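Here is coords00.cif, consisting of mmCIF, C-alpha atoms and all ligand atoms:
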data_work
#
loop_
_atom_site.label_atom_id
_atom_site.label_comp_id
_atom_site.auth_asym_id
_atom_site.auth_seq_id
_atom_site.Cartn_x
_atom_site.Cartn_y
_atom_site.Cartn_z
CA MET D 1 23.01 5.44 13.56
CA SER D 2 19.81 3.46 14.08
CA LYS D 3 19.03 0.60 11.71
CA LEU D 4 16.75 1.42 8.80
CA PHE D 5 13.38 -0.26 8.79
CA ARG D 6 11.74 -1.80 5.71
CA ALA D 7 8.09 -2.78 5.64
CA VAL D 8 5.59 -3.89 3.01
CA ILE D 9 1.80 -3.73 3.36
CA MET D 10 -0.39 -6.06 1.31
CA GLY D 11 -4.12 -6.54 0.99
CA PRO D 12 -6.96 -6.42 -1.51
CA PRO D 13 -8.30 -3.11 -2.86
CA GLY D 14 -10.08 -1.26 -0.07
CA SER D 15 -8.39 -3.20 2.73
CA GLY D 16 -6.89 -0.01 4.18
CA LYS D 17 -3.29 -0.18 2.90
CA GLY D 18 -3.17 3.53 2.13
CA THR D 19 -4.96 4.55 5.35
CA ILE D 20 -2.74 2.38 7.57
CA SER D 21 0.47 3.33 5.72
CA GLU D 22 -0.28 6.99 6.38
CA ARG D 23 -0.75 6.26 10.10
CA ILE D 24 2.53 4.32 10.13
CA ALA D 25 4.30 7.17 8.33
CA GLN D 26 3.01 9.68 10.87
CA SER D 27 3.54 7.60 14.00
CA PHE D 28 6.88 6.00 13.18
CA GLY D 29 8.45 8.46 10.72
CA LEU D 30 8.63 5.94 7.86
CA GLN D 31 8.37 7.22 4.29
CA HIS D 32 5.18 5.96 2.62
CA LEU D 33 5.66 4.88 -0.96
CA SER D 34 2.43 3.94 -2.73
CA SER D 35 3.08 2.17 -6.04
CA GLY D 36 -0.36 3.24 -7.31
CA ASP D 37 0.35 6.92 -6.55
CA PHE D 38 3.84 6.60 -8.02
CA LEU D 39 2.39 5.11 -11.21
CA ARG D 40 -0.14 7.95 -11.45
CA GLU D 41 2.65 10.52 -10.97
CA ASN D 42 4.64 8.91 -13.80
CA ILE D 43 1.57 8.88 -16.01
CA ALA D 44 0.90 12.55 -15.29
CA ALA D 45 4.56 13.41 -16.01
CA ASN D 46 4.53 11.37 -19.24
CA THR D 47 7.69 9.44 -18.33
CA GLU D 48 8.58 6.49 -20.56
CA ALA D 49 7.47 3.96 -17.93
CA GLY D 50 4.37 6.06 -17.17
CA VAL D 51 3.24 6.05 -20.80
CA LEU D 52 3.74 2.28 -20.96
CA ALA D 53 2.00 1.65 -17.61
CA LYS D 54 -1.00 3.71 -18.70
CA THR D 55 -1.78 1.33 -21.54
CA TYR D 56 -2.23 -1.50 -19.03
CA ILE D 57 -4.05 0.42 -16.30
CA GLU D 58 -6.57 1.72 -18.86
CA LYS D 59 -7.36 -1.89 -19.75
CA ARG D 60 -7.60 -2.69 -16.03
CA LEU D 61 -4.60 -5.00 -16.25
CA LEU D 62 -1.68 -5.30 -13.91
CA VAL D 63 1.38 -3.51 -15.19
CA PRO D 64 3.94 -6.18 -16.25
CA ASP D 65 6.59 -7.12 -13.70
CA HIS D 66 9.55 -5.77 -15.65
CA VAL D 67 7.89 -2.34 -16.02
CA MET D 68 6.95 -2.19 -12.32
CA THR D 69 10.39 -3.25 -11.09
CA ARG D 70 12.17 -0.88 -13.50
CA LEU D 71 10.03 1.92 -12.10
CA LEU D 72 10.04 1.08 -8.39
CA LEU D 73 13.52 -0.25 -7.66
CA PRO D 74 15.36 2.97 -8.67
CA ARG D 75 12.88 4.91 -6.50
CA LEU D 76 13.76 2.66 -3.56
CA GLU D 77 17.46 3.19 -4.24
CA GLU D 78 16.87 6.92 -3.80
CA MET D 79 15.48 6.12 -0.35
CA THR D 80 18.41 4.01 0.93
CA ARG D 81 18.89 6.43 3.84
CA HIS D 82 15.24 6.31 4.91
CA SER D 83 13.04 3.82 6.63
CA TRP D 84 10.03 3.10 4.46
CA ILE D 85 6.72 1.33 4.03
CA LEU D 86 5.84 0.13 0.57
CA ASP D 87 2.15 -0.09 -0.38
CA GLY D 88 0.94 -1.89 -3.53
CA PHE D 89 4.30 -3.44 -4.45
CA PRO D 90 5.15 -6.28 -4.69
CA ARG D 91 1.91 -7.55 -6.24
CA THR D 92 3.36 -10.71 -7.83
CA LEU D 93 5.95 -13.35 -6.94
CA ALA D 94 8.34 -12.03 -9.61
CA GLN D 95 8.09 -8.53 -8.07
CA ALA D 96 8.67 -9.97 -4.58
CA GLU D 97 11.75 -11.84 -5.80
CA ALA D 98 13.14 -8.71 -7.47
CA LEU D 99 12.54 -6.76 -4.23
CA SER D 100 14.29 -9.48 -2.17
CA ARG D 101 17.37 -9.10 -4.37
CA ALA D 102 17.36 -5.34 -3.78
CA CYS D 103 16.79 -5.21 -0.02
CA GLU D 104 15.93 -7.14 3.10
CA LEU D 105 12.45 -6.60 4.55
CA ASP D 106 11.85 -6.46 8.29
CA VAL D 107 8.07 -6.82 8.35
CA VAL D 108 5.25 -7.64 5.93
CA ILE D 109 1.74 -6.65 7.01
CA SER D 110 -1.10 -8.50 5.31
CA LEU D 111 -4.66 -7.19 5.71
CA ASN D 112 -7.47 -9.71 5.60
CA ILE D 113 -10.82 -7.89 5.41
CA PRO D 114 -14.25 -9.43 4.68
CA LEU D 115 -15.65 -8.95 1.16
CA GLU D 116 -18.80 -7.16 2.36
CA THR D 117 -16.67 -4.63 4.23
CA LEU D 118 -14.49 -4.00 1.16
CA LYS D 119 -17.59 -3.45 -1.01
CA GLU D 120 -19.05 -1.01 1.46
CA ARG D 121 -15.81 0.96 1.84
CA LEU D 122 -15.11 1.26 -1.86
CA ARG D 123 -18.65 2.36 -2.59
CA HIS D 124 -17.95 5.35 -0.33
CA ARG D 125 -14.31 5.97 -1.36
CA TRP D 126 -13.61 9.38 -2.85
CA ILE D 127 -10.17 10.39 -4.05
CA HIS D 128 -8.33 13.61 -4.75
CA PRO D 129 -6.46 12.48 -7.88
CA ALA D 130 -3.66 15.06 -7.78
CA SER D 131 -2.48 14.22 -4.24
CA GLY D 132 -3.79 10.66 -3.76
CA ARG D 133 -5.67 11.79 -0.61
CA VAL D 134 -8.41 9.30 0.17
CA TYR D 135 -11.73 9.95 1.89
CA ASN D 136 -14.65 7.82 2.93
CA LEU D 137 -18.09 9.30 3.42
CA CYS D 138 -18.55 7.35 6.69
CA PHE D 139 -15.02 6.86 8.04
CA ASN D 140 -13.12 10.04 7.19
CA PRO D 141 -15.43 12.36 5.25
CA PRO D 142 -14.12 15.54 3.63
CA ARG D 143 -15.15 18.74 5.43
CA MET D 144 -17.29 19.66 2.41
CA GLN D 145 -18.92 16.87 0.39
CA GLY D 146 -17.14 16.19 -2.92
CA VAL D 147 -14.28 18.64 -2.24
CA ASP D 148 -10.66 18.03 -1.14
CA ASP D 149 -9.94 19.56 2.32
CA ILE D 150 -6.55 21.01 1.39
CA SER D 151 -6.78 22.13 -2.26
CA GLY D 152 -10.54 22.75 -2.51
CA GLU D 153 -10.49 20.74 -5.78
CA PRO D 154 -13.21 18.21 -6.70
CA LEU D 155 -13.00 14.59 -5.54
CA ILE D 156 -13.59 11.66 -7.89
CA GLN D 157 -14.56 8.00 -7.62
CA HIS D 158 -12.66 5.21 -9.44
CA GLU D 159 -14.67 3.21 -11.96
CA ASP D 160 -12.98 0.13 -10.52
CA ASP D 161 -14.41 0.78 -7.06
CA ARG D 162 -17.91 -0.18 -8.23
CA PRO D 163 -19.16 -3.29 -6.36
CA GLU D 164 -19.57 -5.14 -9.72
CA ALA D 165 -15.87 -4.75 -10.49
CA LEU D 166 -14.72 -5.68 -7.01
CA VAL D 167 -15.38 -9.42 -7.03
CA ALA D 168 -13.16 -9.95 -10.08
CA ARG D 169 -10.45 -7.69 -8.68
CA LEU D 170 -10.53 -9.55 -5.40
CA ARG D 171 -10.32 -12.96 -7.05
CA HIS D 172 -7.39 -11.74 -9.08
CA TYR D 173 -5.70 -10.32 -5.97
CA LYS D 174 -6.03 -13.64 -4.15
CA ASP D 175 -4.55 -15.68 -7.03
CA VAL D 176 -1.60 -13.37 -7.53
CA ALA D 177 -0.92 -12.61 -3.86
CA LYS D 178 -1.00 -16.21 -2.59
CA PRO D 179 2.58 -17.14 -3.63
CA VAL D 180 3.83 -13.75 -2.35
CA ILE D 181 2.20 -14.37 1.03
CA ASP D 182 3.63 -17.91 1.11
CA LEU D 183 7.11 -16.53 0.39
CA TYR D 184 6.92 -14.04 3.28
CA LYS D 185 5.43 -16.67 5.58
CA ALA D 186 8.41 -18.93 4.83
CA LYS D 187 10.77 -16.04 5.64
CA ASN D 188 8.96 -15.58 8.98
CA ILE D 189 8.21 -11.90 8.43
CA LEU D 190 4.49 -12.10 7.64
CA HIS D 191 1.96 -10.61 10.08
CA THR D 192 -1.72 -10.96 9.15
CA PHE D 193 -4.49 -8.80 10.60
CA SER D 194 -8.14 -9.67 10.17
CA ASP D 195 -10.97 -7.34 11.17
CA THR D 196 -13.68 -5.12 9.76
CA ASP D 197 -12.29 -1.87 11.24
CA THR D 198 -9.02 -0.08 10.73
CA ASP D 199 -9.31 1.41 14.21
CA ARG D 200 -9.41 -2.08 15.73
CA ILE D 201 -6.45 -3.32 13.63
CA TRP D 202 -4.31 -0.25 14.23
CA PRO D 203 -3.38 -0.87 17.93
CA HIS D 204 -2.03 -4.33 16.97
CA ILE D 205 0.03 -2.96 14.09
CA SER D 206 1.26 -0.12 16.25
CA SER D 207 2.43 -2.45 19.02
CA LEU D 208 4.07 -4.80 16.48
CA LEU D 209 6.05 -1.92 14.98
CA ASN D 210 6.90 -0.54 18.42
CA THR D 211 8.47 -3.86 19.32
CA LYS D 212 10.22 -4.36 15.98
CA ILE D 213 11.56 -0.86 15.55
CA ARG D 214 12.72 -0.52 19.16
CA THR D 215 14.37 -3.97 19.19
CA ASP D 216 16.17 -3.29 15.90
CA GLN D 217 17.37 0.09 17.07
CA SER D 218 18.75 -1.16 20.36
CA SER D 219 20.59 -4.04 18.68
CA ALA D 220 22.04 -1.59 16.11
CA GLN D 221 23.18 0.65 18.99
CA ARG D 222 24.76 -2.32 20.76
CA ALA D 223 26.58 -3.27 17.54
CA SER D 224 27.91 0.27 17.08
CA THR D 225 29.23 0.51 20.68
CA ASN D 226 30.95 -2.91 20.54
N1 LIG G 1 -15.90 2.58 7.11
C1 LIG G 1 -14.58 2.42 7.13
N2 LIG G 1 -13.86 2.88 6.10
C2 LIG G 1 -12.51 2.71 6.14
C3 LIG G 1 -11.85 2.07 7.22
N3 LIG G 1 -10.51 2.06 6.96
C4 LIG G 1 -10.34 2.66 5.75
N4 LIG G 1 -11.53 3.07 5.27
C5 LIG G 1 -11.86 3.72 3.99
O1 LIG G 1 -11.95 2.65 3.04
C6 LIG G 1 -11.46 3.04 1.76
C7 LIG G 1 -10.32 2.11 1.36
O2 LIG G 1 -9.17 2.37 2.18
P1 LIG G 1 -7.74 2.59 1.48
O3 LIG G 1 -6.77 2.93 2.58
O4 LIG G 1 -7.87 3.51 0.33
O5 LIG G 1 -7.47 1.06 0.96
P2 LIG G 1 -6.41 0.46 -0.09
O6 LIG G 1 -7.11 0.32 -1.40
O7 LIG G 1 -6.05 -0.89 0.50
O8 LIG G 1 -5.22 1.40 -0.10
C8 LIG G 1 -11.06 4.50 1.91
O9 LIG G 1 -12.16 5.30 1.47
C9 LIG G 1 -10.81 4.67 3.42
O10 LIG G 1 -11.04 6.00 3.85
C10 LIG G 1 -12.66 1.59 8.32
O11 LIG G 1 -12.19 1.02 9.32
N5 LIG G 1 -14.01 1.81 8.20
N1 LIG G 2 2.38 -3.27 -8.30
C1 LIG G 2 1.36 -2.66 -9.00
C2 LIG G 2 0.65 -1.56 -8.46
C3 LIG G 2 -0.37 -0.98 -9.22
N2 LIG G 2 -0.66 -1.47 -10.45
C4 LIG G 2 -1.69 -0.87 -11.32
O1 LIG G 2 -2.05 0.43 -10.84
C5 LIG G 2 -3.45 0.46 -10.53
C6 LIG G 2 -3.70 1.38 -9.33
O2 LIG G 2 -3.02 0.88 -8.21
P1 LIG G 2 -3.52 1.15 -6.73
O3 LIG G 2 -2.59 0.40 -5.81
O4 LIG G 2 -3.68 2.60 -6.52
O5 LIG G 2 -4.99 0.57 -6.74
P2 LIG G 2 -5.74 -0.70 -6.24
O6 LIG G 2 -5.86 -1.60 -7.45
O7 LIG G 2 -4.96 -1.34 -5.09
O8 LIG G 2 -7.02 -0.10 -5.77
C7 LIG G 2 -3.83 -0.98 -10.31
O9 LIG G 2 -5.19 -1.23 -10.45
C8 LIG G 2 -2.97 -1.67 -11.36
O10 LIG G 2 -3.53 -1.52 -12.66
C9 LIG G 2 0.04 -2.56 -10.94
O11 LIG G 2 -0.24 -3.00 -12.05
N3 LIG G 2 1.03 -3.14 -10.22
#

What would the structure in this file look like if it were written as C-alpha cells?
Amino acid sequence: MSKLFRAVIMGPPGSGKGTISERIAQSFGLQHLSSGDFLRENIAANTEAGVLAKTYIEKRLLVPDHVMTRLLLPRLEEMTRHSWILDGFPRTLAQAEALSRACELDVVISLNIPLETLKERLRHRWIHPASGRVYNLCFNPPRMQGVDDISGEPLIQHEDDRPEALVARLRHYKDVAKPVIDLYKAKNILHTFSDTDTDRIWPHISSLLNTKIRTDQSSAQRASTN
C-alpha cells in the first residue's frame, strides 16, 4: 500500500487556500478538509461544538483551541485511511501542537499574497453557503451572476470580506500564524509561495507535490518489498 500523505495549507483570508486545496484534491486525489466549512456544517446541524463555535464566529472571534481540536481531531481520525489536505487548521500554535500529537505532516504550504491583492479578491468573492463553493467575479465567475452553478441557489458575500474588515483580520492572522510558521520551518516541512496569481503559484505547488508524493510512494513500496 502506498504511504498516506498529509498536508496543511496556511495563509490569510483570500490567499487562495480553498481554491488551491480544491486543485490539489482533484489533481492528487487528496481529501480536502476545510475547517471553516466543517464549522459551518456543525453550526447548521446544531451539534454541541457547532452551537458553541457559533457564539464566537458571530462575534468575529477565533473559536477557542479546545473547541477546534475537539471538533477537528475526531474528523481526522475518521480519515486515517485517506491522504488529506487540511485548510484553515491549525490557526494557532496550540492547535498545531495538538495536530502534531495526532499525526505527522509531510508538507505545509504557506501562501504569501500582497494585501492589495487580498482586498481586491475578497471584494469580488461570492459564496454558495450550503456547499462552500467559492466564486470570484473576475477569476472564476458563476455562469449566471449571483447564482450557484450547480444548485441554482443565490450566492452571498461575507460581511468580513469587506476591505475595512480585512486589515484587522490580516494583522490578527499574522500575529497568530507566526509561531505556527516558525514551528513548521523548524521541522523543515514549510514551503512558502509568494505571488499575486493562483495560476502562477499552482505549477510550483504541483511540482512540489509531484516530487513529494512520488518519492514517498516509491520508498513505501521499497519498504514493503524488503
Ligand atoms: N483574481 C483572482 N482571484 C482569485 C485568484 N485565486 C483565487 N481567487 C479568488 O479569490 C477569492 C479568495 O480565494 P479563496 O480560495 O476563497 O481563499 P481562502 O480564504 O484563502 O480560502 C475567491 O473568490 C477566489 O475565487 C487569483 O489568482 N486571481
Ligand atoms: N481553525 C479555525 C478555523 C475557522 N475559525 C472560525 O471560522 C471562521 C470561518 O473560517 P474560514 O476558514 O472559512 O474563513 P476565513 O476567516 O479564513 O476567511 C473564521 O473567521 C473563524 O471565526 C476558527 O476560529 N478557527

Using all atoms listed in the file, which residues of chain D come within 7 Å of ligand LIG 2 (chain G), and what is the closest atom pair for each, with the distance in Å to one decimal? Give it as CSV, sorted by chain and residue number.
residue,atom,partner,partner_atom,distance
D:Pro12,CA,G:LIG2,O7,6.5
D:Pro13,CA,G:LIG2,O8,4.4
D:Gly14,CA,G:LIG2,O8,6.6
D:Ser34,CA,G:LIG2,O3,6.9
D:Ser35,CA,G:LIG2,C2,5.1
D:Gly36,CA,G:LIG2,O4,3.5
D:Asp37,CA,G:LIG2,O4,5.9
D:Leu39,CA,G:LIG2,O1,6.5
D:Tyr56,CA,G:LIG2,O10,6.5
D:Ile57,CA,G:LIG2,O10,4.2
D:Arg60,CA,G:LIG2,O10,5.4
D:Leu61,CA,G:LIG2,O10,5.1
D:Leu62,CA,G:LIG2,O11,3.3
D:Val63,CA,G:LIG2,O11,3.6
D:Pro64,CA,G:LIG2,O11,6.7
D:Met68,CA,G:LIG2,N1,6.2
D:Gly88,CA,G:LIG2,O3,4.8
D:Phe89,CA,G:LIG2,N1,4.3
D:Pro90,CA,G:LIG2,N1,5.5
D:Arg91,CA,G:LIG2,N1,4.8

Open item on the list: For ligand LIG 1 (chain G), return the neighbouring residues as a ChimeraX atom specification (distance at most 9 Å; all atoms listed in the file).
Closed with: /D:9-22,34,36,87-88,111,117-118,120-127,133-141,195-201

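For the pair CA of Ile109 in chain D and CA of Lys185 in chain D, the separation is 10.8 Å.
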
Open item on the list: Which residue is closest to Leu99 in chain D? Choose from D:Gln157, D:Asn42, D:Thr69, D:Asn210 and count all atoms listed in the file.
Closed with: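 Answer, going by the shortest atom-to-atom distance: D:Thr69.
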
TODO: Go through D:Ile213, D:Leu52, D:Val147, D:Ala94 one by one, measure the shortest atom-to-atom distance of each to Ala177 in chain D using all atoms listed in the file, and give the residue with the smallest value.
DONE: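 The closest residue to Ala177 in chain D is D:Ala94.
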
Expected answer as a PDB file with C-alpha atoms, in the frame of the given file: all residues with atoms within 8 Å of (13.6, -7.6, 5.1), all atoms listed in the file:
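To be explicit, this is the file written out as part-v2.pdb:
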ATOM      1  CA  ARG D   6      11.740  -1.800   5.710  1.00  0.00           C
ATOM      2  CA  ALA D   7       8.090  -2.780   5.640  1.00  0.00           C
ATOM      3  CA  SER D 100      14.290  -9.480  -2.170  1.00  0.00           C
ATOM      4  CA  CYS D 103      16.790  -5.210  -0.020  1.00  0.00           C
ATOM      5  CA  GLU D 104      15.930  -7.140   3.100  1.00  0.00           C
ATOM      6  CA  LEU D 105      12.450  -6.600   4.550  1.00  0.00           C
ATOM      7  CA  ASP D 106      11.850  -6.460   8.290  1.00  0.00           C
ATOM      8  CA  VAL D 107       8.070  -6.820   8.350  1.00  0.00           C
ATOM      9  CA  ILE D 189       8.210 -11.900   8.430  1.00  0.00           C
TER      10      ILE D 189
END

Open item on the list: So the first atom is CA of Ala165 in chain D and the second is CA of Leu115 in chain D; what is the distance between them in Å, to one decimal place?
Closed with: 12.4 Å

Open item on the list: Using Å and a single decimal, report how far CA of Pro114 in chain D sits from CA of Arg40 in chain D.
Closed with: 27.6 Å

Edge lengths and centre in Å to one decimal, as JSON, of the axis-aligned box that encloses all listed atoms of range 158-173 of chain D with 8 Å added on every side?
{"center_x": -12.6, "center_y": -3.9, "center_z": -8.7, "size_x": 29.9, "size_y": 34.2, "size_z": 22.6}

TODO: Fewer than 4 positions away in the same chain doesn't count, so skip those; otherwise give me all residues within 9 Å of Val167 in chain D, counting only C-alpha atoms, as a ChimeraX atom specification.
DONE: /D:115,119,163,171-172

Open item on the list: With 8 Å as the threshold, what does the neighbourhood of (7.2, 3.9, 17.1) contain in terms of residues, counting all atoms listed in the file? Coordinates are those of the file; answer as a PyMOL selection string.
Closed with: chain D and resi 27-29+206+209-210+213-214
